[in-house]
Every structure is written in C-alpha cells, then in structure tokens.
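Asks: Let me begin by handing over the structure; questions about it come next.
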Amino acid sequence: MSITLDQVTKQYQGNPVVNDVSLAVAEGEFFVLLGPSGSGKSTLLRAIAGLTEVDHGRITLFGRDVTQVSAREREVGFVFQNYALFRHMTVGENIEFALRVRREKAAERVRRRKELLELIGLAGMDDRLPSQLSGGQQQRVAVARALAHKPKVLLLDEPFGALDAKIREELRRTIRSVQRELGITTILVTHDQEEAFALGDRLGVMNLGRLLEAGRPTELYSRPATRFVATFLGAANLILRREARVPVDSGPPGGRHAVAMAARREQEVVAMLRPEEAELAPDRDSLMTSFLGYGHVEELQFTGALERLRVRMSAEGSAQDGASATTPPVWIDVTRTQPEQRAFPLSPGRLVAIGTRRIHVLPTPLSSFTVCAETREGADRLLGNHWLGELAARMQTRLTAQVEPGTGDHGEPPAPPAGVAVVAAGEGCPARVRRLLERGVTPVLVLPEDTEPPARVVVHFAGQVARRATLAMTASLLRHVPAEAVFLGILPSGSPERTRTAGVRQLLDVRSEAQAGHGLDVRTELRLGDRIEELLRELGSQPGQMLILGLPEPGLLPENFEALLTRSPGWPVLLA
Amino acid sequence: MAGLPASAADAGSRPGRGTASALLVRWLFIGLSLAFLVAVLLAPLAAVFATALGQGIDTYLASFEDPDTGAAIRLTLLTAAIVVPINTIFGICAAWAIAKFEFRGKAFLITLIDLPFAVSPIISGLVYVLLFGAQGWFGMWLQEHNIDVIFALPGIILATLFVTFPYVARELIPLMEQLGNDEEEAAITLGAGGLMTFVSVTLPKIRWGLIYGVILCNARAMGEFGAVSVVSGHIRGLTTTMPLHIEILYNEYAFVGAFAVASLLTLLAVITLVIKSIMEWQSSKATGH
C-alpha cells in the first residue's frame, strides 16, 4: 500500500472535521475523495500532505510513518484549487523551483522542465508569467510544478474548481493520461460526482468528516451501503418498505428479495431505486418488471436525451403501509429514454403503474423514526425535537408519530412501530421502553426534553458479547452524526490481570469487527469500576454526549441500567 | 412617452449629460477641487522652495555649511537608519502573525499597532520622559548607571520608534491577507524551508507594499517633530533633528537657513509620492489588470 491512513482525526474547536478515517490506497492507483463542501475531504488531503496537523491517528506513505514529518520532507506533489503559482516567477522558474530547492544542476533542471512542459502540452511557454496564461494553462503548470521533484504521491485539491466546463474536461483528460503515464499514486478531491466517476479507479465518499464508503465507481453506484452514498452518487429514490425480516446479522443481502423464509416478523427496510431503473406502464399487467405501486405523474421535464418525471405514489396498491394517516406522501423520480417515451407517451396527471428493474436494499438497520407517546402533546414535543428532526432529514427518512394510551387502556394494541421507536426520557421511561422491547421493537431511542446535538458517542455493551445487530445500528447512526465515537468497556475494579487482558482483547475484537463489517472506525477505552457509576460519570463529564447501549439479548433491558434512562439530564440513549 | 420629443425624454432621464447646466456644474466642481488643492497643498510647497532659493542658489547652499545644520542632518539620518530597519522587521513579523494565524488577542494586537496613530505625538514623547526622565520611574537607576536616555540619542530613537511603528505593519496586513497563504504552502510541499520560502516567495510577493511602508515609515521618522521635541531638549548641534532645527532657525529669523532645511524634507515627501506612483503602476502590471 502506498498511502495508508489509520484512524486519522482532526478537530477544530472540539468538532471533528475529519473523524476516524482509515484508508489504504494502492500503488499507482487513482483514488478520488468525493463529498459535499464541509465534509472534511480537503482537510484530509492537507493532512496527508502535512499542511494540516492531525490530532489523532497515523499516516503512512510507502511504509514510512510520516505523521510527525513536516510537509517539506514528505515528498508529495500538491496541486491547489487556485493554482498557487509563484506569480513573480516565469512558468519555467515555477517548474524548476523544487529542483532548485534540491540544488540540482542547471542542465538537469532545464532537461526536466522541458520534459514536464512537453508532458502537460505547454512546450515553449517557459518564459511566460502566470498572469499571461489562462486558468486551464495555469493549472497545467501547477501540475507540472508538483511533479518536478518526482514525488511518489500526487495530491490534487479540487483542481478544476475554478475552471469552466469545457476546459475542465480537457484538463481532466490530461491529468488522467499523465497519471497513467507516470503510474503515480494519486488522490484527487472533488465535490463533482461526474468528475469522480470519470477519473477514479476507486472512490471514497465522505460526509460529516467520516469516510462512509470506498470502492469501485460501478460498485458504489449500484450497491451503496449507506443512504448518503446512494443519494450523493447520482439520483436515487429511497423507499421504505416492509419485507419479511432481512437478516441483519449476515451482512448485505445479495439478491433482490431473496429473503430467508424463516422470517419472524415483518421488517422495514430502506430500498434504493435509481430513476433509470424504474419502469412506467399503463397498468400492472403491462409492466415487464416487478410491480412497485400505482402513482400519478406530477411533473414532467424534457431534458434532451432523457425525460424526467416525478410520480406521486398513491396509497392504495402501494408497497407502502397505507393504513397510517400520518404517512407523508412518497414521490418517485423516474427518467426515461427516448424509445421509452415514444412507446408510452405521458402527460401530467396520468395514473401509471410503476415497476422496478433493479432495486437495491440498503444494509442499514435504521429505516425510519416513529415517535411513541401516550398523549398527542407528548408526541408533538418529541416531534419538535430539533436534533431528531435534523437526524431524520439527514437520513432522508420518515419521522412519524404513534400515540398509544397508557397501560390503563385495555384496547387492542396497535401494530408495533417499524424502524426506530423514539420515546421521551424521564419518569416512566423504563416501563415504556420495556413495553416496546417486549413487542419486538428495536432499536429504541430515548430522548430527553432538551437534547443537544451530541459531539461524542459512547458505545457500551450491557451483555458479555457485542451483538452484530448493535454494531450495525451503531455504524448506521454514526454515519449521520458528526461526532467522535468510543467503545467503552468497563470491568469490575477488582478484576484480576487475566480478566483485564481478556477485556482489552474483546474490545479490540469489537473494533476490528466494526471496521471489517461496516467500515466504521471507532476508538476503544477500558475502565475499571462499577458499570453504571462509570457510565454515569462518563456521560456527566461533559455536555453533548450520547450513549448507545448494546442490549445483552434482543428485547432485554437489564434492571440496573434503568438509571441511565431516568437520571439523564440531556443525553440521548439508543438501545440497540 | 410616445408624445414627447425624443431629446426631451433623453435629457430628463439622464441628468448631467448633454445639457449646458450639467456641463457647468461639472467644471465648477473640478475647478473648485483644483483651486483648493493649489491653495492648500501646492502653494505652501512652492513657498518653501521660493523662500529657500529667494536670495540665490549660493546663499541656499551656504546655509548647509553651518555646522549645527550638518549635525541636525546627520542626527536625523542616524535616527532613521536605526528606526526604519527595526520597524521594518517588527512590521513584517506583526503582519505575518496577524495575516497568517488565528490566535487569541488578535484584535487587541491590531488595536495596539494602531495606538501611535491615535495618540498625540506630544504624549508619545512625554511617556518616555515619565519613564526615563530624572524624576521618572527608571530615572534614578539610569542615573546611577550613567546612562542618558532623555535629552540624548536613545530618547530620540525611542520616541521616533513609537510614532512610526504602525507604518510597515499597516501597509502589509491587508496585502498579506489578500494574497493568502497558498504560495507559501506550495513552496513548502515542494521542499523549501522557512527561510527560502520567505526570501523567494513571500518577499517578492509583498515587495511593493513593503517598499511603500518603509518609505512612509522613513518619511515620518525624519519628519517627526512633536514626540522628538519633548525628549530631545533642543541642544543645538547635539540633539536637534531636522524638524527641530528648522524651528530654531525660524525663531531666530534665519529664514533662508530654515527653508533650506525644510526644502530637504519637502523633497523627501515628493520622492515618497513618486515611489508610491511607481509602486501602484508596478503592482497593477503584476496582477495583469
């Protein structure tokens, strides 16, 4: 591996900008870091170059640990978004700068300069000043300058950001061919997914400081593991649907709906439907693909090669659970090619049947949020929780309410909520949680009245083992929370040495499993003392923390852990 | 609108164009500002040279042969030679710190740099008398060790340092903030060390702003009257700088001598302006606008 990052973390004023990122880039690989602005991708690139110090973690370049090595000794080539050419030097002097620093002979410098100018297609421009060049030419010079000292790694920070579309494409081609020719390991940072697809051998998608997923472009596009990657790489419809239980514990499901027959309970899952994988037909029978539901065409846009439609799913006949009145409407975006349009011309208002050529179920166990309360007011208070609203919006999922009268009522209990059940913290909370757990609802999120957005998430397993389901839920939640996370193990204070060693090993096992199974990197800490006391102390030590409590077995909340729910002044608890 | 003649509509919609009264107003404003400039700025300048050369060039040159005048010029040059480099180095350091780093108390530092602009020069001088004068805080100690600060060269230098220290820093801070850090970072990733980055990247980048700041600092250092007047003690031939010497000569009705020295300071001002113009021309050429 030529570039290896191990749990790299960078914080600004207590907020993690780069959050436990681990990554390995192979020799000669073109890796693209993709993410929205503020996702930490540029900071990560600067950390690799040594322009930004990291707070935690290790950076290795070709087997050499460079975490503490200054930028000038890392031997990387760096290309900045706004070129950063030395404005008072000519093109030739700019390119020769790194060689001059290394006291190369004049003849060698000239030879290398000519070679590089040839490579980037600017031969003969040696004596121009940067101000006499166009933006595209300046960026070519910047690339040549960064390659002059033959670095083993080339880092490009949004190199096309300041250029217009046509030059962008040309320069993209140049960079790709230069990279191929030299076989240099390259990381490019961009927010443009088209650019990422065009350039990258592999992509890594970042959001909120975390590296969510990395993989080949086609792989990430067709089989993303997270909602964010699904919607950031191209357009995607995320659909909530009830399916027979998808075995969370056996990793991402391979086939379409190939679900184990031994289903215990219907499970809500998040499915991704690409607009181009949807089929529209006059009715269910004329669909060539599997039926999803009926809907009305609401919007229709002609965009040249493709037609974009927005179809509002109707409740009846939909795969959606139509019974609940609080269910918000669902829209499906569809794109159709010219032949498809000719075969079935459409106009707004028309009722159509929607079919799916290919649907991908995301392996995320957190599908939607359902607020559970005894009264309407209680439910509204929870629905109005700022952080919960933000989280649901970030996950692009549904946030609904279910009002259930208390224990005094002898009526038939309504169907248990799908996805995450959210209840208020405080008095009576453990009983409420138990009632939900008994009905097979996991996970349950306990939310105090004034929840701050957590900046730190403490994960603790109440049982002897870390359950896979807990890990999956933890990973899923952490992808949508800009917070650092730590696995906290607690052993009784009198534990013998042997138990302690075993405890550490178990924690590290959990960490590596989270890493291998979910691409999630989390730190570990081991404490000695009483579990509840230690957890309360940990959570009370600073505001803005959250607890994820791994249940010893599904549906079981040990009694001594109740204190964590009732004595919470402001920390949310996810029971998973 | 259709009924109106086109020209009337035109004139109505564009005041200040094409009509006789608008033309008049324009020239009136230009004339007024010019007249004001001539009366307030150019006339005194011309008067300085006219009076200095009033009794012929020989008398003018002869006035520089006075040993006290020579001493004043030497003292002024010595003061500037010490003060300007110190303030240049300080200015670059302060501007670098402010433009490139985020730290607590940054706003306070900027305010501090501006302090000499806000304080009357007389006060700046008095502060040093209070500190180092015979009755001052350190007065006794200095006397015991036989060190002269007030009414001597060190006092003059301290007062001049205080008054002129914002010039370089003030010129560089906005320039460095505008130019950013990218070129320096690029140089570092290419393997350059701190000194090389500064000499071959930062310095050329800021050179015109730096030159202008140094010149302004120098002009003020040579021309400072108030603060120096308080600390110098006006000992002829020993602690009088050029501005102080001019005052003494003037009070003695030695007009030619006074204005001859004044003409030197005026010349300095003219040179400053010329260099400023060159600088603006150069920097506009460099950015390609």
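Numbering starts fresh at 1 for the residues of each chain in the structure tokens, the chains themselves are lettered A, B, ... in the order given, and ligands are numbered from 1 as they appear.
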Tell me which protein, DNA and RNA residues are within 9 Å of Pro365 in chain A, counting only C-alpha atoms, leaving out same-chain ones fewer than 5 positions away, and put them as a ChimeraX atom specification.
Replies: /A:248,268-270,419-420,443,469,472-473,476
Asks: Write the selection just made, keeping N, CA, C and O atoms, as a tab-separated table (two decimals), in the first residue's frame?
Replies:
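Contents of part_36.tsv, as written:
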```
chain	number	residue	atom	x	y	z
A	248	VAL	N	-30.12	-9.09	9.35
A	248	VAL	CA	-29.14	-8.03	9.56
A	248	VAL	C	-27.77	-8.63	9.88
A	248	VAL	O	-26.74	-8.13	9.48
A	268	GLU	N	-38.99	-3.40	8.42
A	268	GLU	CA	-38.93	-2.26	7.50
A	268	GLU	C	-37.50	-2.12	6.97
A	268	GLU	O	-36.55	-2.16	7.75
A	269	VAL	N	-37.38	-1.99	5.68
A	269	VAL	CA	-36.04	-1.81	5.11
A	269	VAL	C	-36.03	-0.57	4.22
A	269	VAL	O	-37.07	-0.06	3.81
A	270	VAL	N	-34.82	-0.08	3.94
A	270	VAL	CA	-34.65	1.05	3.04
A	270	VAL	C	-34.16	0.51	1.71
A	270	VAL	O	-33.13	-0.16	1.66
A	419	GLY	N	-39.00	0.36	12.29
A	419	GLY	CA	-37.82	1.22	12.40
A	419	GLY	C	-37.50	1.56	13.83
A	419	GLY	O	-37.72	0.77	14.75
A	420	VAL	N	-37.00	2.77	14.04
A	420	VAL	CA	-36.58	3.20	15.37
A	420	VAL	C	-37.76	3.80	16.11
A	420	VAL	O	-38.44	4.68	15.58
A	443	PRO	N	-34.33	-0.66	17.18
A	443	PRO	CA	-33.87	-0.08	18.44
A	443	PRO	C	-34.86	0.94	19.00
A	443	PRO	O	-35.79	1.34	18.31
A	469	ALA	N	-26.04	-7.01	15.62
A	469	ALA	CA	-27.11	-6.05	15.34
A	469	ALA	C	-26.78	-4.69	15.95
A	469	ALA	O	-26.99	-3.64	15.34
A	472	ALA	N	-24.21	-2.97	13.84
A	472	ALA	CA	-24.78	-2.46	12.58
A	472	ALA	C	-25.54	-1.17	12.84
A	472	ALA	O	-25.43	-0.20	12.07
A	473	MET	N	-26.30	-1.14	13.93
A	473	MET	CA	-27.07	0.07	14.23
A	473	MET	C	-26.14	1.22	14.61
A	473	MET	O	-26.36	2.36	14.23
A	476	SER	N	-24.63	2.56	11.50
A	476	SER	CA	-25.62	3.30	10.71
A	476	SER	C	-25.88	4.68	11.30
A	476	SER	O	-25.97	5.68	10.59
```
Asks: Produce a table with one row for each residue of chain A that has an atom at most 10 Å from any atom of chain B, each row naming the nearest atom pair and its distance in Å at one decimal; use only C-alpha atoms; arrange rows by chain and rising residue number; format as a Markdown table.
Replies:
```
| residue | atom | partner | partner_atom | distance |
| --- | --- | --- | --- | --- |
| A:Ala49 | CA | B:Thr189 | CA | 7.2 |
| A:Gly50 | CA | B:Thr189 | CA | 8.1 |
| A:Leu51 | CA | B:Glu185 | CA | 7.2 |
| A:Ser70 | CA | B:Ile188 | CA | 8.9 |
| A:Ala71 | CA | B:Thr189 | CA | 5.5 |
| A:Arg72 | CA | B:Gly191 | CA | 4.1 |
| A:Glu73 | CA | B:Gly191 | CA | 6.3 |
| A:Arg74 | CA | B:Thr189 | CA | 7.6 |
| A:Glu75 | CA | B:Thr189 | CA | 7.2 |
| A:Val76 | CA | B:Thr189 | CA | 6.6 |
| A:Gly77 | CA | B:Thr189 | CA | 6.6 |
| A:Phe78 | CA | B:Thr189 | CA | 6.6 |
| A:Val79 | CA | B:Ala186 | CA | 7.9 |
| A:Phe80 | CA | B:Asp182 | CA | 7.6 |
| A:Gln81 | CA | B:Asp182 | CA | 9.5 |
| A:Asn82 | CA | B:Asp182 | CA | 8.3 |
| A:Tyr83 | CA | B:Asp182 | CA | 8.4 |
| A:Ala84 | CA | B:Glu183 | CA | 4.9 |
| A:Leu85 | CA | B:Glu183 | CA | 6.4 |
| A:Phe86 | CA | B:Glu183 | CA | 6.1 |
| A:Arg87 | CA | B:Lys205 | CA | 7.5 |
| A:His88 | CA | B:Pro204 | CA | 6.8 |
| A:Met89 | CA | B:Val201 | CA | 9.1 |
| A:Asn94 | CA | B:Ala187 | CA | 9.8 |
| A:Phe97 | CA | B:Leu190 | CA | 7.5 |
| A:Ala98 | CA | B:Leu190 | CA | 5.0 |
| A:Leu99 | CA | B:Leu190 | CA | 8.6 |
| A:Arg100 | CA | B:Ala192 | CA | 9.2 |
| A:Val101 | CA | B:Ala192 | CA | 5.8 |
| A:Arg102 | CA | B:Gly191 | CA | 7.7 |
| A:Leu129 | CA | B:Ala286 | CA | 9.1 |
| A:Pro130 | CA | B:Thr287 | CA | 9.6 |
| A:Ser131 | CA | B:Gly288 | CA | 6.1 |
| A:Gln132 | CA | B:Gly288 | CA | 7.7 |
| A:Ala142 | CA | B:Ala186 | CA | 9.4 |
| A:Arg145 | CA | B:Leu190 | CA | 8.3 |
| A:Ala146 | CA | B:Leu190 | CA | 7.0 |
| A:Leu147 | CA | B:Leu190 | CA | 9.2 |
| A:Ala148 | CA | B:Leu190 | CA | 8.7 |
| A:His149 | CA | B:Leu190 | CA | 7.5 |
| A:Pro151 | CA | B:Leu190 | CA | 9.2 |
```
Asks: With a distance cut-off of 10 Å and only C-alpha atoms, select the neighbouring residues of range 39-51 of chain B, excluding the residue or stretch itself and same-chain residues fewer than 6 positions from it, and output the selection as a list in words.
Replies: Ser33, Tyr60, Phe255, Val256, Gly257, Ala258, Phe259, Ala260, Val261, Ala262, Ser263, Leu264, Thr266, Leu267 and Val270 of chain B
